[in-house]
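What follows is the content of coords.cif (mmCIF, C-alpha atoms, pLDDT in the B column; chains and numbers go by the auth columns).
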data_input
loop_
_atom_site.group_PDB
_atom_site.id
_atom_site.type_symbol
_atom_site.label_atom_id
_atom_site.label_comp_id
_atom_site.label_asym_id
_atom_site.label_seq_id
_atom_site.Cartn_x
_atom_site.Cartn_y
_atom_site.Cartn_z
_atom_site.B_iso_or_equiv
_atom_site.auth_seq_id
_atom_site.auth_asym_id
ATOM 1 C CA MET A 1 -67.928 16.561 15.074 82.00 1 K
ATOM 2 C CA ASP A 2 -66.858 17.604 18.549 92.00 2 K
ATOM 3 C CA CYS A 3 -65.877 15.413 21.507 95.00 3 K
ATOM 4 C CA LYS A 4 -69.299 15.527 23.148 95.00 4 K
ATOM 5 C CA GLU A 5 -71.070 14.346 19.980 94.00 5 K
ATOM 6 C CA THR A 6 -68.432 11.682 19.404 94.00 6 K
ATOM 7 C CA GLU A 7 -68.762 10.285 22.922 94.00 7 K
ATOM 8 C CA LYS A 8 -72.546 10.085 22.504 95.00 8 K
ATOM 9 C CA LYS A 9 -72.067 8.064 19.312 95.00 9 K
ATOM 10 C CA ILE A 10 -69.659 5.503 20.806 94.00 10 K
ATOM 11 C CA PRO A 11 -72.425 3.031 21.776 93.00 11 K
ATOM 12 C CA SER A 12 -73.927 3.305 18.279 94.00 12 K
ATOM 13 C CA PHE A 13 -70.497 2.663 16.749 91.00 13 K
ATOM 14 C CA LEU A 14 -69.914 -0.354 18.971 90.00 14 K
ATOM 15 C CA GLN A 15 -73.282 -1.782 17.893 90.00 15 K
ATOM 16 C CA ASP A 16 -72.515 -1.102 14.175 89.00 16 K
ATOM 17 C CA GLU A 17 -75.383 1.377 13.923 92.00 17 K
ATOM 18 C CA LEU A 18 -73.412 4.225 12.284 91.00 18 K
ATOM 19 C CA ASP A 19 -73.081 4.434 8.526 85.00 19 K
ATOM 20 C CA GLY A 20 -72.325 6.871 5.756 87.00 20 K
ATOM 21 C CA SER A 21 -71.246 10.346 6.718 88.00 21 K
ATOM 22 C CA LYS A 22 -71.948 9.807 10.434 92.00 22 K
ATOM 23 C CA LEU A 23 -69.528 6.872 10.490 91.00 23 K
ATOM 24 C CA GLU A 24 -66.947 8.837 8.533 90.00 24 K
ATOM 25 C CA GLU A 25 -67.170 11.848 10.868 94.00 25 K
ATOM 26 C CA PHE A 26 -66.949 9.556 13.908 93.00 26 K
ATOM 27 C CA VAL A 27 -63.865 7.688 12.675 92.00 27 K
ATOM 28 C CA GLU A 28 -62.116 10.888 11.566 92.00 28 K
ATOM 29 C CA HIS A 29 -62.639 12.413 15.008 95.00 29 K
ATOM 30 C CA ILE A 30 -61.582 9.248 16.855 92.00 30 K
ATOM 31 C CA GLU A 31 -58.393 9.022 14.782 90.00 31 K
ATOM 32 C CA SER A 32 -57.475 12.636 15.509 94.00 32 K
ATOM 33 C CA CYS A 33 -58.518 12.880 19.181 94.00 33 K
ATOM 34 C CA PRO A 34 -56.588 10.835 21.746 92.00 34 K
ATOM 35 C CA GLU A 35 -59.144 11.563 24.486 95.00 35 K
ATOM 36 C CA CYS A 36 -62.074 10.220 22.445 93.00 36 K
ATOM 37 C CA MET A 37 -60.000 7.227 21.318 91.00 37 K
ATOM 38 C CA GLU A 38 -59.309 6.473 24.972 91.00 38 K
ATOM 39 C CA GLU A 39 -63.029 6.751 25.802 92.00 39 K
ATOM 40 C CA LEU A 40 -63.871 4.444 22.890 92.00 40 K
ATOM 41 C CA SER A 41 -61.276 1.945 24.124 89.00 41 K
ATOM 42 C CA ILE A 42 -62.655 2.045 27.661 89.00 42 K
ATOM 43 C CA GLN A 43 -66.259 1.564 26.595 89.00 43 K
ATOM 44 C CA PHE A 44 -65.286 -1.226 24.183 88.00 44 K
ATOM 45 C CA LEU A 45 -63.143 -2.994 26.775 85.00 45 K
ATOM 46 C CA VAL A 46 -65.870 -2.779 29.431 86.00 46 K
ATOM 47 C CA ALA A 47 -68.718 -3.939 27.171 82.00 47 K
ATOM 48 C CA GLU A 48 -66.837 -6.701 25.365 79.00 48 K
ATOM 49 C CA GLY A 49 -64.676 -7.679 28.326 76.00 49 K
ATOM 50 C CA LEU A 50 -67.640 -8.332 30.604 75.00 50 K
ATOM 51 C CA GLU A 51 -69.375 -10.350 27.921 74.00 51 K
ATOM 52 C CA ARG A 52 -66.260 -12.421 27.208 72.00 52 K
ATOM 53 C CA LEU A 53 -65.453 -12.983 30.870 71.00 53 K
ATOM 54 C CA GLU A 54 -68.941 -14.344 31.425 69.00 54 K
ATOM 55 C CA GLY A 55 -68.401 -16.699 28.495 67.00 55 K
ATOM 56 C CA GLY A 56 -64.989 -17.775 29.785 65.00 56 K
ATOM 57 C CA SER A 57 -63.225 -17.283 26.453 64.00 57 K
ATOM 58 C CA ASN A 58 -59.751 -15.902 25.720 63.00 58 K
ATOM 59 C CA PHE A 59 -59.529 -12.607 23.872 67.00 59 K
ATOM 60 C CA ASN A 60 -57.422 -9.636 22.788 75.00 60 K
ATOM 61 C CA LEU A 61 -59.824 -6.716 22.967 78.00 61 K
ATOM 62 C CA GLN A 62 -57.349 -4.029 21.920 79.00 62 K
ATOM 63 C CA LYS A 63 -56.686 -5.919 18.687 84.00 63 K
ATOM 64 C CA GLU A 64 -60.421 -6.434 18.162 84.00 64 K
ATOM 65 C CA LEU A 65 -61.091 -2.707 18.601 86.00 65 K
ATOM 66 C CA LEU A 66 -58.425 -1.859 16.031 86.00 66 K
ATOM 67 C CA MET A 67 -59.989 -4.389 13.651 88.00 67 K
ATOM 68 C CA LYS A 68 -63.398 -2.796 14.233 88.00 68 K
ATOM 69 C CA LEU A 69 -61.975 0.629 13.347 89.00 69 K
ATOM 70 C CA GLN A 70 -60.304 -0.827 10.240 89.00 70 K
ATOM 71 C CA GLY A 71 -63.621 -2.362 9.218 88.00 71 K
ATOM 72 C CA ALA A 72 -65.252 1.045 9.622 89.00 72 K
ATOM 73 C CA GLY A 73 -62.541 2.526 7.410 85.00 73 K
ATOM 74 C CA HIS A 74 -63.303 -0.105 4.770 88.00 74 K
ATOM 75 C CA ARG A 75 -67.030 0.687 4.915 86.00 75 K
ATOM 76 C CA ILE A 76 -66.216 4.385 4.511 89.00 76 K
ATOM 77 C CA SER A 77 -64.084 3.612 1.432 87.00 77 K
ATOM 78 C CA VAL A 78 -66.868 1.564 -0.114 87.00 78 K
ATOM 79 C CA HIS A 79 -69.368 4.342 0.612 87.00 79 K
ATOM 80 C CA ARG A 80 -67.089 6.918 -1.043 87.00 80 K
ATOM 81 C CA MET A 81 -66.569 4.667 -4.073 91.00 81 K
ATOM 82 C CA LEU A 82 -70.309 4.151 -4.486 91.00 82 K
ATOM 83 C CA TRP A 83 -70.942 7.888 -4.114 89.00 83 K
ATOM 84 C CA TYR A 84 -68.284 8.673 -6.730 89.00 84 K
ATOM 85 C CA THR A 85 -69.740 6.063 -9.099 92.00 85 K
ATOM 86 C CA LEU A 86 -73.198 7.561 -8.673 91.00 86 K
ATOM 87 C CA LEU A 87 -71.879 11.044 -9.460 91.00 87 K
ATOM 88 C CA CYS A 88 -70.148 9.718 -12.586 90.00 88 K
ATOM 89 C CA LEU A 89 -73.340 8.001 -13.719 92.00 89 K
ATOM 90 C CA GLU A 90 -75.347 11.175 -13.166 92.00 90 K
ATOM 91 C CA ALA A 91 -72.786 13.165 -15.182 91.00 91 K
ATOM 92 C CA ALA A 92 -72.925 10.588 -18.002 91.00 92 K
ATOM 93 C CA VAL A 93 -76.726 10.722 -18.092 91.00 93 K
ATOM 94 C CA ALA A 94 -76.675 14.526 -18.119 90.00 94 K
ATOM 95 C CA ALA A 95 -74.120 14.533 -20.950 90.00 95 K
ATOM 96 C CA SER A 96 -76.231 12.048 -22.936 91.00 96 K
ATOM 97 C CA ILE A 97 -79.310 14.212 -22.533 90.00 97 K
ATOM 98 C CA ILE A 98 -77.411 17.314 -23.649 89.00 98 K
ATOM 99 C CA ILE A 99 -76.031 15.499 -26.696 89.00 99 K
ATOM 100 C CA ALA A 100 -79.495 14.162 -27.573 88.00 100 K
ATOM 101 C CA LEU A 101 -81.021 17.647 -27.260 88.00 101 K
ATOM 102 C CA CYS A 102 -78.282 19.136 -29.433 88.00 102 K
ATOM 103 C CA ILE A 103 -78.922 16.525 -32.127 88.00 103 K
ATOM 104 C CA VAL A 104 -82.707 16.991 -31.988 86.00 104 K
ATOM 105 C CA PHE A 105 -82.636 20.783 -32.161 86.00 105 K
ATOM 106 C CA ARG A 106 -80.073 20.945 -34.998 82.00 106 K
ATOM 107 C CA MET A 107 -82.442 19.040 -37.246 61.00 107 K
#

Mind turning this structure into structure tokens?
Amino acid sequence: MDCKETEKKIPSFLQDELDGSKLEEFVEHIESCPECMEELSIQFLVAEGLERLEGGSNFNLQKELLMKLQGAGHRISVHRMLWYTLLCLEAAVAASIIIALCIVFRM
């Protein structure tokens, strides 16, 4: 994912609309590109800051953004684990079918 694509996806990320591989690509790019991380920080601070100021509450937006990125990392890990589990199940089913066919055709 390049910088232009990443910047277009920032609003979707901030609204928790990215998942799966799109989320993973976004987070990987953000973590490796200081310019896009800065743009994400700016957009997050503007959107959340205005909302919080209107509500009159205290906040630490930089910490909240880091927590949001950590949450995305957790969702990516869960997605990978589920994908790996699915692949293992498919391999087990395929192996079972092969074993069953071997038994049937030997008789």

With the file shown as input, list the residues that the PyMOL selection byres ((chain K and resi 4-21) around 7) selects, as a count of residues only.
-> 12

How would you write, as a PyMOL selection string, the residues chosen by the PyMOL selection byres ((chain K and resi 62) around 12) on this structure?
-> chain K and resi 37-38+40-46+48-49+59-61+63-69

For those residues, write C-alpha atoms to a file as a PDB file, keeping the file's coordinate frame.
ATOM      1  CA  MET K  37     -60.000   7.227  21.318  1.00 91.00           C
ATOM      2  CA  GLU K  38     -59.309   6.473  24.972  1.00 91.00           C
ATOM      3  CA  LEU K  40     -63.871   4.444  22.890  1.00 92.00           C
ATOM      4  CA  SER K  41     -61.276   1.945  24.124  1.00 89.00           C
ATOM      5  CA  ILE K  42     -62.655   2.045  27.661  1.00 89.00           C
ATOM      6  CA  GLN K  43     -66.259   1.564  26.595  1.00 89.00           C
ATOM      7  CA  PHE K  44     -65.286  -1.226  24.183  1.00 88.00           C
ATOM      8  CA  LEU K  45     -63.143  -2.994  26.775  1.00 85.00           C
ATOM      9  CA  VAL K  46     -65.870  -2.779  29.431  1.00 86.00           C
ATOM     10  CA  GLU K  48     -66.837  -6.701  25.365  1.00 79.00           C
ATOM     11  CA  GLY K  49     -64.676  -7.679  28.326  1.00 76.00           C
ATOM     12  CA  PHE K  59     -59.529 -12.607  23.872  1.00 67.00           C
ATOM     13  CA  ASN K  60     -57.422  -9.636  22.788  1.00 75.00           C
ATOM     14  CA  LEU K  61     -59.824  -6.716  22.967  1.00 78.00           C
ATOM     15  CA  LYS K  63     -56.686  -5.919  18.687  1.00 84.00           C
ATOM     16  CA  GLU K  64     -60.421  -6.434  18.162  1.00 84.00           C
ATOM     17  CA  LEU K  65     -61.091  -2.707  18.601  1.00 86.00           C
ATOM     18  CA  LEU K  66     -58.425  -1.859  16.031  1.00 86.00           C
ATOM     19  CA  MET K  67     -59.989  -4.389  13.651  1.00 88.00           C
ATOM     20  CA  LYS K  68     -63.398  -2.796  14.233  1.00 88.00           C
ATOM     21  CA  LEU K  69     -61.975   0.629  13.347  1.00 89.00           C
TER      22      LEU K  69
END

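We find CA of Thr85 in chain K and CA of Gly73 in chain K to be spaced 18.4 Å apart.
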
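Note that the spacing between CA of Val93 in chain K and CA of Ser77 in chain K amounts to 24.3 Å.
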
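Between CA of His74 in chain K and CA of His29 in chain K the interatomic distance comes to 16.2 Å.
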
Some atoms are absent from range 11-33 of chain K, so rebuild N, CA and C atoms and return them as a tab-separated table (two decimals), keeping the file's coordinate frame.
chain	number	residue	atom	x	y	z
K	11	PRO	N	-71.60	4.25	21.71
K	11	PRO	CA	-72.42	3.03	21.78
K	11	PRO	C	-72.99	2.63	20.41
K	12	SER	N	-73.41	3.60	19.62
K	12	SER	CA	-73.93	3.30	18.28
K	12	SER	C	-72.84	2.70	17.41
K	13	PHE	N	-71.61	3.23	17.51
K	13	PHE	CA	-70.50	2.66	16.75
K	13	PHE	C	-70.23	1.22	17.17
K	14	LEU	N	-70.21	0.99	18.47
K	14	LEU	CA	-69.91	-0.35	18.97
K	14	LEU	C	-70.99	-1.37	18.56
K	15	GLN	N	-72.19	-0.89	18.32
K	15	GLN	CA	-73.28	-1.78	17.89
K	15	GLN	C	-73.47	-1.76	16.37
K	16	ASP	N	-72.49	-1.19	15.65
K	16	ASP	CA	-72.52	-1.10	14.18
K	16	ASP	C	-73.77	-0.41	13.65
K	17	GLU	N	-74.19	0.65	14.33
K	17	GLU	CA	-75.38	1.38	13.92
K	17	GLU	C	-75.06	2.67	13.17
K	18	LEU	N	-73.80	3.02	13.03
K	18	LEU	CA	-73.41	4.22	12.28
K	18	LEU	C	-73.08	3.84	10.86
K	19	ASP	N	-73.47	4.67	9.91
K	19	ASP	CA	-73.08	4.43	8.53
K	19	ASP	C	-72.96	5.76	7.80
K	20	GLY	N	-72.45	5.69	6.59
K	20	GLY	CA	-72.32	6.87	5.76
K	20	GLY	C	-71.50	7.97	6.38
K	21	SER	N	-72.01	9.18	6.26
K	21	SER	CA	-71.25	10.35	6.72
K	21	SER	C	-71.09	10.37	8.23
K	22	LYS	N	-72.07	9.83	8.97
K	22	LYS	CA	-71.95	9.81	10.43
K	22	LYS	C	-70.78	8.91	10.86
K	23	LEU	N	-70.64	7.77	10.19
K	23	LEU	CA	-69.53	6.87	10.49
K	23	LEU	C	-68.21	7.54	10.12
K	24	GLU	N	-68.17	8.19	8.97
K	24	GLU	CA	-66.95	8.84	8.53
K	24	GLU	C	-66.53	9.94	9.50
K	25	GLU	N	-67.47	10.78	9.92
K	25	GLU	CA	-67.17	11.85	10.87
K	25	GLU	C	-66.68	11.27	12.19
K	26	PHE	N	-67.33	10.19	12.65
K	26	PHE	CA	-66.95	9.56	13.91
K	26	PHE	C	-65.51	9.05	13.84
K	27	VAL	N	-65.20	8.28	12.80
K	27	VAL	CA	-63.86	7.69	12.68
K	27	VAL	C	-62.80	8.78	12.52
K	28	GLU	N	-63.09	9.80	11.72
K	28	GLU	CA	-62.12	10.89	11.57
K	28	GLU	C	-61.82	11.55	12.91
K	29	HIS	N	-62.86	11.78	13.71
K	29	HIS	CA	-62.64	12.41	15.01
K	29	HIS	C	-61.86	11.48	15.94
K	30	ILE	N	-62.26	10.22	15.99
K	30	ILE	CA	-61.58	9.25	16.86
K	30	ILE	C	-60.10	9.15	16.51
K	31	GLU	N	-59.79	9.15	15.21
K	31	GLU	CA	-58.39	9.02	14.78
K	31	GLU	C	-57.57	10.27	15.10
K	32	SER	N	-58.22	11.41	15.26
K	32	SER	CA	-57.48	12.64	15.51
K	32	SER	C	-57.56	13.12	16.96
K	33	CYS	N	-58.33	12.43	17.80
K	33	CYS	CA	-58.52	12.88	19.18
K	33	CYS	C	-58.16	11.76	20.17
